[in-house]
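Undergrad: Please find start-v1.cif (mmCIF, C-alpha atoms) on the next line:
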```cif
data_protein
loop_
_atom_site.label_atom_id
_atom_site.label_comp_id
_atom_site.auth_asym_id
_atom_site.auth_seq_id
_atom_site.Cartn_x
_atom_site.Cartn_y
_atom_site.Cartn_z
CA MET Q 279 0.00 0.00 0.00
CA ILE Q 280 2.81 2.41 0.93
CA ARG Q 281 4.63 1.57 -2.29
CA LEU Q 282 1.48 2.29 -4.26
CA ALA Q 283 1.03 5.64 -2.53
CA LEU Q 284 4.69 6.50 -3.12
CA ALA Q 285 4.40 5.59 -6.80
CA ALA Q 286 1.29 7.74 -7.13
CA ALA Q 287 3.05 10.65 -5.44
CA LEU Q 288 6.05 10.34 -7.76
CA LEU Q 289 3.80 10.23 -10.80
CA ALA Q 290 1.99 13.36 -9.63
CA ALA Q 291 5.17 15.26 -8.78
CA PRO Q 292 6.11 16.57 -12.25
CA ALA Q 293 2.76 18.36 -12.70
CA ALA Q 294 2.84 19.80 -9.20
CA ALA Q 295 6.34 21.12 -9.68
CA GLN Q 296 5.72 22.56 -13.13
CA ASP Q 297 7.04 26.06 -13.64
CA PHE Q 298 4.62 28.18 -15.65
CA SER Q 299 6.74 31.33 -15.40
CA ALA Q 300 8.93 30.49 -18.38
CA MET Q 301 8.11 32.79 -21.29
CA SER Q 302 5.72 34.82 -19.17
CA GLU Q 303 5.73 38.54 -19.83
CA ALA Q 304 3.30 39.29 -17.03
CA LYS Q 305 3.72 42.63 -15.28
CA THR Q 306 4.22 42.49 -11.55
CA TRP Q 307 1.60 43.90 -9.18
CA ASN Q 308 4.07 43.47 -6.32
CA LEU Q 309 1.74 41.09 -4.54
CA TYR Q 310 3.19 38.99 -1.74
CA ALA Q 311 2.44 35.59 -3.29
CA GLU Q 312 2.32 36.36 -7.03
CA VAL Q 313 4.13 34.18 -9.58
CA PRO Q 314 4.17 34.99 -13.32
CA ALA Q 315 2.34 32.24 -15.19
CA ARG Q 316 1.74 31.61 -18.87
CA PHE Q 317 -0.05 28.45 -19.90
CA THR Q 318 -2.61 26.97 -22.26
CA ALA Q 319 -6.03 26.06 -20.93
CA ARG Q 320 -9.62 25.38 -21.89
CA VAL Q 321 -12.08 28.09 -20.90
CA ALA Q 322 -14.92 26.46 -18.95
CA ASP Q 323 -17.98 27.02 -16.79
CA PRO Q 324 -17.07 25.90 -13.23
CA VAL Q 325 -20.65 24.92 -12.40
CA CYS Q 326 -20.59 22.70 -15.46
CA GLU Q 327 -17.22 21.21 -14.50
CA LEU Q 328 -18.31 20.45 -10.94
CA THR Q 329 -21.96 19.50 -11.33
CA GLY Q 330 -22.61 18.83 -15.01
CA GLN Q 331 -25.19 21.67 -15.15
CA CYS Q 332 -23.82 23.67 -18.04
CA ALA Q 333 -24.71 27.15 -19.26
CA ALA Q 334 -24.62 28.07 -22.92
CA ASP Q 335 -21.46 30.01 -23.75
CA CYS Q 336 -20.28 29.74 -20.11
CA GLY Q 337 -22.96 32.26 -19.15
CA THR Q 338 -21.72 34.98 -21.56
CA GLY Q 339 -19.79 36.75 -18.81
CA GLN Q 340 -22.64 36.67 -16.27
CA ARG Q 341 -21.27 33.51 -14.63
CA GLN Q 342 -17.75 33.07 -13.38
CA VAL Q 343 -15.48 31.10 -15.69
CA VAL Q 344 -12.43 28.94 -15.03
CA LEU Q 345 -9.35 27.76 -16.89
CA ILE Q 346 -8.73 24.00 -17.14
CA ARG Q 347 -4.96 23.94 -17.57
CA ASP Q 348 -3.66 21.62 -20.29
CA ALA Q 349 -0.47 20.64 -18.48
CA ASP Q 350 -2.08 19.11 -15.40
CA ASP Q 351 -5.88 19.45 -15.76
CA ALA Q 352 -5.91 21.84 -12.78
CA MET Q 353 -8.93 24.12 -12.50
CA VAL Q 354 -7.53 27.64 -12.19
CA PHE Q 355 -9.91 30.40 -11.06
CA PRO Q 356 -9.26 33.80 -12.66
CA LEU Q 357 -10.39 36.38 -10.12
CA LYS Q 358 -9.16 39.49 -11.86
CA ASN Q 359 -8.51 41.03 -15.24
CA SER Q 360 -5.62 43.37 -16.05
CA GLN Q 361 -7.32 46.63 -15.04
CA ALA Q 362 -6.57 48.23 -11.69
CA ALA Q 363 -10.25 49.15 -11.37
CA PHE Q 364 -11.94 46.47 -9.23
CA THR Q 365 -12.91 44.39 -12.28
CA GLY Q 366 -13.13 40.63 -12.79
CA ALA Q 367 -12.16 38.27 -15.56
CA ALA Q 368 -15.37 36.54 -16.67
CA VAL Q 369 -16.17 39.15 -19.32
CA GLU Q 370 -12.65 38.78 -20.71
CA LEU Q 371 -12.67 34.99 -20.96
CA ALA Q 372 -16.29 34.01 -21.65
CA PRO Q 373 -16.03 34.82 -25.39
CA PHE Q 374 -13.60 31.89 -25.59
CA CYS Q 375 -15.86 29.39 -23.82
CA GLY Q 376 -14.93 25.83 -24.71
CA GLN Q 377 -11.85 26.96 -26.60
CA THR Q 378 -8.22 26.39 -25.76
CA VAL Q 379 -6.41 29.66 -25.22
CA GLU Q 380 -3.01 30.74 -24.01
CA VAL Q 381 -3.08 33.10 -21.04
CA ASP Q 382 -0.42 35.18 -19.32
CA GLY Q 383 -0.74 36.72 -15.89
CA LEU Q 384 -0.08 36.20 -12.20
CA LEU Q 385 -0.83 33.10 -10.16
CA ILE Q 386 -1.46 33.69 -6.48
CA ASP Q 387 -0.31 30.87 -4.27
CA ASP Q 388 -0.82 31.49 -0.56
CA PRO Q 389 -2.15 28.26 0.91
CA ASP Q 390 -2.11 29.69 4.45
CA ILE Q 391 -5.19 31.72 3.55
CA GLY Q 392 -6.67 29.23 1.08
CA ALA Q 393 -5.37 30.84 -2.11
CA THR Q 394 -4.35 28.10 -4.52
CA ASN Q 395 -4.79 28.14 -8.28
CA VAL Q 396 -6.23 31.64 -8.34
CA TYR Q 397 -5.14 33.95 -11.11
CA LEU Q 398 -4.97 37.47 -12.52
CA VAL Q 399 -5.20 37.30 -16.32
CA GLN Q 400 -3.39 40.04 -18.21
CA ARG Q 401 -3.47 38.76 -21.81
CA ILE Q 402 -5.28 36.07 -23.76
CA ARG Q 403 -4.29 34.47 -27.03
CA PRO Q 404 -6.85 32.38 -28.91
CA GLU Q 405 -5.54 29.49 -30.97
CA GLY Q 406 -4.00 30.87 -34.14
CA GLY Q 407 -4.65 34.46 -33.03
CA ALA Q 408 -2.78 37.38 -31.58
CA TRP Q 409 -2.46 38.34 -27.90
CA LEU Q 410 -5.37 40.39 -26.58
CA ARG Q 411 -5.20 42.49 -23.42
CA ALA Q 412 -7.72 41.50 -20.76
CA ASN Q 413 -9.00 45.03 -20.32
CA GLN Q 414 -12.50 44.96 -21.85
CA TRP Q 415 -14.49 45.25 -18.64
CA THR Q 416 -14.70 49.04 -18.32
CA LYS Q 417 -15.52 49.39 -22.03
CA ASP Q 418 -18.41 46.93 -21.63
CA TRP Q 419 -19.57 48.79 -18.52
CA ALA Q 420 -19.56 52.13 -20.38
CA ALA Q 421 -21.61 50.58 -23.20
CA ARG Q 422 -24.14 49.20 -20.68
CA ASN Q 423 -24.36 52.47 -18.75
CA PRO Q 424 -24.50 55.30 -21.30
CA ASP Q 425 -26.25 57.59 -18.81
CA ALA Q 426 -23.67 57.13 -16.04
CA THR Q 427 -21.62 60.06 -17.21
CA GLY Q 428 -19.58 62.48 -15.18
CA LYS Q 429 -16.20 62.68 -13.56
CA GLY Q 430 -14.35 59.88 -11.86
CA PRO Q 431 -13.91 56.16 -12.44
CA TRP Q 432 -16.77 53.76 -13.18
CA PHE Q 433 -17.19 52.66 -9.57
CA ARG Q 434 -18.04 56.21 -8.47
CA ARG Q 435 -20.70 56.48 -11.19
CA ASP Q 436 -22.23 53.01 -11.25
CA PRO Q 437 -25.97 53.33 -10.53
CA ARG Q 438 -26.18 50.06 -8.58
CA ILE Q 439 -23.26 50.99 -6.31
CA ILE Q 440 -24.63 54.49 -5.76
CA SER Q 441 -27.98 52.98 -4.83
CA GLU Q 442 -26.40 50.56 -2.32
CA ILE Q 443 -24.40 53.36 -0.67
CA GLU Q 444 -27.45 55.62 -0.50
CA ALA Q 445 -29.37 52.83 1.23
CA GLU Q 446 -26.71 51.46 3.59
CA GLY Q 447 -23.86 53.98 3.70
CA TYR Q 448 -20.16 53.58 2.94
CA LEU Q 449 -19.69 51.28 5.93
CA GLY Q 450 -22.89 49.37 5.20
CA LEU Q 451 -24.12 50.18 8.71
CA GLY Q 452 -26.49 53.02 7.94
CA GLU Q 453 -26.46 56.80 7.88
CA GLU Q 454 -25.77 57.33 11.59
CA ALA Q 455 -22.68 55.12 11.65
CA ASP Q 456 -21.38 56.81 8.51
CA ALA Q 457 -21.85 60.31 9.95
CA ALA Q 458 -19.93 59.50 13.13
CA PHE Q 459 -17.14 57.81 11.21
CA ILE Q 460 -16.81 60.55 8.60
CA ALA Q 461 -16.62 63.24 11.27
CA ASP Q 462 -13.64 61.41 12.75
CA TRP Q 463 -11.99 60.22 9.52
CA PHE Q 464 -11.67 63.51 7.63
CA MET W 767 -6.61 5.81 -39.76
CA ARG W 768 -7.96 3.01 -37.57
CA PRO W 769 -11.29 3.65 -35.81
CA LEU W 770 -11.06 4.19 -32.08
CA PRO W 771 -12.29 1.37 -29.88
CA LEU W 772 -15.87 1.92 -28.73
CA VAL W 773 -14.97 2.37 -25.06
CA LEU W 774 -12.30 4.96 -25.83
CA THR W 775 -14.68 6.85 -28.11
CA ALA W 776 -17.28 6.94 -25.35
CA LEU W 777 -14.70 8.27 -22.88
CA LEU W 778 -13.63 11.05 -25.24
CA MET W 779 -17.24 12.15 -25.74
CA ALA W 780 -18.08 12.08 -22.05
CA PRO W 781 -19.09 15.31 -20.27
CA PRO W 782 -16.57 17.00 -17.94
CA ALA W 783 -15.17 14.76 -15.24
CA PHE W 784 -17.33 16.42 -12.58
CA ALA W 785 -17.79 15.17 -9.07
CA ALA W 786 -20.64 12.72 -8.72
CA SER W 787 -22.30 14.91 -6.14
CA GLY W 788 -21.49 17.73 -3.81
CA GLU W 789 -21.54 17.41 -0.07
CA ARG W 790 -24.55 19.14 1.47
CA ILE W 791 -23.44 21.56 4.15
CA GLN W 792 -24.91 24.28 6.35
CA ILE W 793 -22.49 27.07 6.93
CA THR W 794 -22.28 30.54 8.44
CA GLY W 795 -19.87 33.01 6.89
CA GLU W 796 -19.19 36.49 5.62
CA VAL W 797 -19.66 37.29 1.93
CA ILE W 798 -16.19 38.56 0.99
CA ASP W 799 -14.35 40.02 -1.96
CA THR W 800 -11.97 37.19 -2.87
CA TRP W 801 -9.47 39.25 -4.84
CA CYS W 802 -8.61 41.67 -2.07
CA TYR W 803 -8.66 38.83 0.46
CA PHE W 804 -6.38 36.45 -1.48
CA SER W 805 -4.04 38.94 -3.15
CA GLY W 806 -3.18 41.08 -0.16
CA VAL W 807 -3.29 44.07 -2.48
CA MET W 808 -4.86 46.24 0.23
CA GLY W 809 -3.41 44.71 3.33
CA PRO W 810 -3.87 41.74 5.62
CA THR W 811 -6.91 39.52 5.52
CA ASP W 812 -8.45 40.97 8.67
CA ALA W 813 -8.45 44.46 7.12
CA VAL W 814 -10.31 43.54 3.93
CA VAL W 815 -13.48 42.18 5.48
CA GLY W 816 -16.45 43.72 7.28
CA SER W 817 -17.42 47.37 7.45
CA ALA W 818 -13.89 48.70 6.75
CA HIS W 819 -13.96 47.11 3.33
CA HIS W 820 -17.66 47.36 2.56
CA THR W 821 -17.49 50.01 -0.16
CA CYS W 822 -14.60 48.23 -1.88
CA ALA W 823 -16.53 44.96 -1.63
CA LEU W 824 -19.39 46.68 -3.46
CA TRP W 825 -17.02 47.84 -6.19
CA CYS W 826 -15.47 44.39 -6.62
CA SER W 827 -18.80 42.56 -6.54
CA ALA W 828 -20.32 44.90 -9.15
CA GLY W 829 -17.10 44.56 -11.12
CA GLY W 830 -17.59 40.82 -11.44
CA ILE W 831 -14.88 39.65 -9.06
CA PRO W 832 -15.94 36.35 -7.48
CA VAL W 833 -17.38 36.49 -3.99
CA GLY W 834 -16.50 33.95 -1.35
CA LEU W 835 -17.97 32.85 1.93
CA LEU W 836 -15.45 33.18 4.76
CA ALA W 837 -16.23 30.67 7.48
CA PRO W 838 -15.29 31.24 11.14
CA ASP W 839 -12.46 28.68 10.81
CA GLY W 840 -10.87 30.74 8.01
CA THR W 841 -11.94 28.50 5.15
CA VAL W 842 -12.94 30.42 2.03
CA TYR W 843 -15.66 28.90 -0.15
CA MET W 844 -15.77 30.27 -3.70
CA VAL W 845 -19.46 30.92 -4.37
CA LEU W 846 -20.63 29.78 -7.81
CA LYS W 847 -24.33 30.37 -7.29
CA MET W 848 -26.13 32.37 -4.61
CA GLU W 849 -29.63 31.03 -3.95
CA GLY W 850 -30.51 30.18 -7.51
CA ASP W 851 -28.90 33.25 -9.04
CA ALA W 852 -26.43 31.89 -11.57
CA ASP W 853 -25.63 35.49 -12.52
CA ASN W 854 -22.75 35.51 -10.08
CA ALA W 855 -20.27 37.66 -12.01
CA GLY W 856 -21.49 41.12 -11.10
CA GLY W 857 -25.08 40.10 -10.35
CA ASP W 858 -27.51 41.78 -7.98
CA THR W 859 -27.78 39.07 -5.31
CA ASN W 860 -24.10 39.15 -4.41
CA LEU W 861 -24.09 42.95 -4.48
CA HIS W 862 -26.96 43.26 -2.00
CA ILE W 863 -25.25 41.03 0.55
CA ALA W 864 -21.66 42.25 0.20
CA SER W 865 -19.94 42.05 3.62
CA HIS W 866 -23.03 40.49 5.23
CA THR W 867 -22.74 37.42 7.37
CA ILE W 868 -25.17 34.81 6.12
CA GLU W 869 -26.29 31.36 7.07
CA ALA W 870 -26.45 29.16 4.01
CA ASP W 871 -27.48 25.70 2.95
CA GLY W 872 -25.76 24.39 -0.13
CA LEU W 873 -23.51 21.98 -1.92
CA HIS W 874 -19.76 21.92 -1.30
CA TYR W 875 -17.21 20.75 -3.85
CA THR W 876 -13.41 20.75 -3.79
CA ARG W 877 -11.01 20.75 -6.68
CA ASP W 878 -7.31 21.55 -7.00
CA GLY W 879 -6.97 23.20 -3.63
CA LEU W 880 -10.07 25.41 -3.71
CA ASN W 881 -13.43 25.01 -2.00
CA TYR W 882 -16.52 25.75 -4.08
CA LEU W 883 -20.03 26.36 -2.83
CA ILE W 884 -23.39 26.42 -4.55
CA VAL W 885 -25.68 28.20 -2.11
CA GLU W 886 -29.16 26.77 -2.57
CA THR W 887 -30.77 28.70 0.29
CA ILE W 888 -29.74 31.70 2.35
CA THR W 889 -31.39 30.60 5.56
CA ALA W 890 -30.54 33.84 7.41
CA ASP W 891 -29.05 37.21 6.52
CA LEU W 892 -27.41 38.65 9.63
CA ASP W 893 -26.37 41.91 7.89
CA ILE W 894 -22.88 43.30 8.58
CA ILE W 895 -21.71 42.15 11.96
CA ASN W 896 -17.95 42.45 11.45
CA GLN W 897 -17.34 46.11 12.38
CA THR W 898 -13.73 46.33 11.28
CA HIS W 899 -13.79 50.11 10.67
CA ASP W 900 -13.16 50.60 14.38
CA ASP W 901 -9.69 49.09 13.86
CA PHE W 902 -8.85 49.82 10.23
CA GLY W 903 -10.83 52.89 9.14
CA VAL W 904 -11.80 52.33 5.51
CA ILE W 905 -9.80 50.18 3.12
CA PRO W 906 -8.79 51.61 0.69
CA GLY W 907 -8.46 55.03 2.28
CA PHE W 908 -10.18 56.70 -0.69
CA ALA W 909 -13.31 54.54 -0.37
CA ILE W 910 -15.19 57.53 1.02
CA PRO W 911 -14.76 60.54 -1.24
CA GLU W 912 -13.97 63.88 0.36
CA GLU W 913 -17.24 65.28 -0.99
CA ALA W 914 -19.06 62.94 1.39
CA ALA W 915 -17.63 64.89 4.33
CA GLN W 916 -19.07 68.19 3.13
#
```
Can you give me the file's structure in the form of structure tokens?
TA:
Amino acid sequence: MIRLALAAALLAAPAAAQDFSAMSEAKTWNLYAEVPARFTARVADPVCELTGQCAADCGTGQRQVVLIRDADDAMVFPLKNSQAAFTGAAVELAPFCGQTVEVDGLLIDDPDIGATNVYLVQRIRPEGGAWLRANQWTKDWAARNPDATGKGPWFRRDPRIISEIEAEGYLGLGEEADAAFIADWF
Amino acid sequence: MRPLPLVLTALLMAPPAFAASGERIQITGEVIDTWCYFSGVMGPTDAVVGSAHHTCALWCSAGGIPVGLLAPDGTVYMVLKMEGDADNAGGDTNLHIASHTIEADGLHYTRDGLNYLIVETITADLDIINQTHDDFGVIPGFAIPEEAAQ
């Protein structure tokens, strides 16, 4: 039994030790546990992968999407696109649902807090295509919110966020808590 | 080219190798912004939860960053559905409960080091109970614009 377990561990070792940083041109975000990572993967719907309940086109950006890495079949969860604007990656990757793409970005590996196989995608290259920057999110938002004009970044102008803050305050604890905090903070 | 054996053909055409079934669990946890929590981009994990990080959690949830459920033991469950709302990349359900502590009934899956949760029912919404602004102010510091003070 021990020999079998040892053999299984040895067989699994090459994939676990694989270095995906070779050839990566990912830009650092100076995060504590970031590692540059460029790899090929299939773009997939995680609900479909885990349960078999699949959405057409991976949910067209409304559902989260994952990357099933070719090298080791690991399910990598892209949490972030390349924009420093509080924006995710589903919109960037969903157009490639079911396709194999090459991605470049930053893997976060901090098992002490549960972060394993989570990813920031900076560029995407479809098979036979050119590299695309994963920075579509704010453009899509602007197209969906033509009336949210004015100064400042999208998150200051987003009608849903404004509505939540009007209802619950910046701390989420109501107007009274906000007033006391703001008087002290500024 | 020789035809593939029948069994091999069937294997190649099979749906994704998904788990046979999730484990049903009942869990209490805070709905968190997983990017700020996992990346450390704005500081330690205890600073990017609760009221201190509420406005940023709204931004990230609306921006389509995955939400997680942070259990009292520190386990983070990546939420793939929140009570029937499959629209979990920027959808309304996650936005309304950003930073709230909820009690949930759902299905738990694990794969490649991450925990995944499909919340079938939010059995209780306890609102924001983690009042971290007392210790951390607001994270990031620009979460409240100066105009709000006038």
Undergrad: Could you build a table of the residues in chain Q lying no more than 6 Å from chain W, giving for each the nearest pair of atoms and their separation in Å rounded to one decimal place, using all atoms listed in the file, ordered by chain and ascending residue number, as a Markdown table?
TA:
```
| residue | atom | partner | partner_atom | distance |
| --- | --- | --- | --- | --- |
| Q:Glu327 | CA | W:Phe784 | CA | 5.2 |
| Q:Leu328 | CA | W:Phe784 | CA | 4.5 |
| Q:Thr329 | CA | W:Phe784 | CA | 5.7 |
| Q:Gln340 | CA | W:Asp853 | CA | 4.9 |
| Q:Arg341 | CA | W:Ala855 | CA | 5.0 |
| Q:Gln342 | CA | W:Ala855 | CA | 5.4 |
| Q:Ala352 | CA | W:Asp878 | CA | 6.0 |
| Q:Leu357 | CA | W:Ile831 | CA | 5.7 |
| Q:Phe364 | CA | W:Cys826 | CA | 4.9 |
| Q:Thr365 | CA | W:Gly829 | CA | 4.4 |
| Q:Gly366 | CA | W:Ile831 | CA | 4.2 |
| Q:Ala393 | CA | W:Phe804 | CA | 5.7 |
| Q:Thr394 | CA | W:Gly879 | CA | 5.6 |
| Q:Phe433 | CA | W:Trp825 | CA | 5.9 |
| Q:Tyr448 | CA | W:Thr821 | CA | 5.4 |
| Q:Leu449 | CA | W:Ser817 | CA | 4.8 |
```
Undergrad: Which is closer to Q:Asp418 than all the others in Q:Val369, Q:Val379, Q:Val354, Q:Leu398, using all atoms listed in the file?
TA: Q:Val369
Undergrad: Kindly give the distance, in Å, that separates atom CA of Q:Leu410 and atom CA of Q:Pro314, rounded to a single decimal.
TA: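 Calculated distance between atom CA of Q:Leu410 and atom CA of Q:Pro314 is 17.2 Å.
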Undergrad: Just to confirm, what's the straight-line distance from atom CA of Q:Ala455 to atom CA of Q:Ile443 in Å (one decimal)?
TA: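 About the pair atom CA of Q:Ala455 and atom CA of Q:Ile443: they are 12.6 Å apart.
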Undergrad: Find the distance between atom CA of Q:Ile346 and atom CA of Q:Glu303 and write it in Å to one decimal.
TA: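 Between atom CA of Q:Ile346 and atom CA of Q:Glu303 the gap works out to 20.7 Å.
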Undergrad: With distances taken over all atoms listed in the file, which residue among Q:Trp409, Q:Gln414, Q:Leu345, Q:Arg422 lies nearest Q:Val396?
TA: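 Using all atoms listed in the file, Q:Val396 sits closest to Q:Leu345.
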Undergrad: For Q:Asp348, list every protein, DNA or RNA residue within 12 Å, evaluated using all atoms listed in the file, and leave out those in the same chain fewer than 4 positions away; present the list as JSON, numbers by chain.
TA: {"Q": [293, 296, 298, 316, 317, 318, 319, 320, 321, 352, 353, 354, 377, 378, 379, 380, 381]}
Undergrad: Axis-aligned box over every listed atom of stretch 850-854 of chain W, padded by 5 Å per side: centre and edges in Å to one decimal, as JSON?
TA:
```
{"center_x": -26.6, "center_y": 32.8, "center_z": -10.0, "size_x": 17.8, "size_y": 15.3, "size_z": 15.0}
```
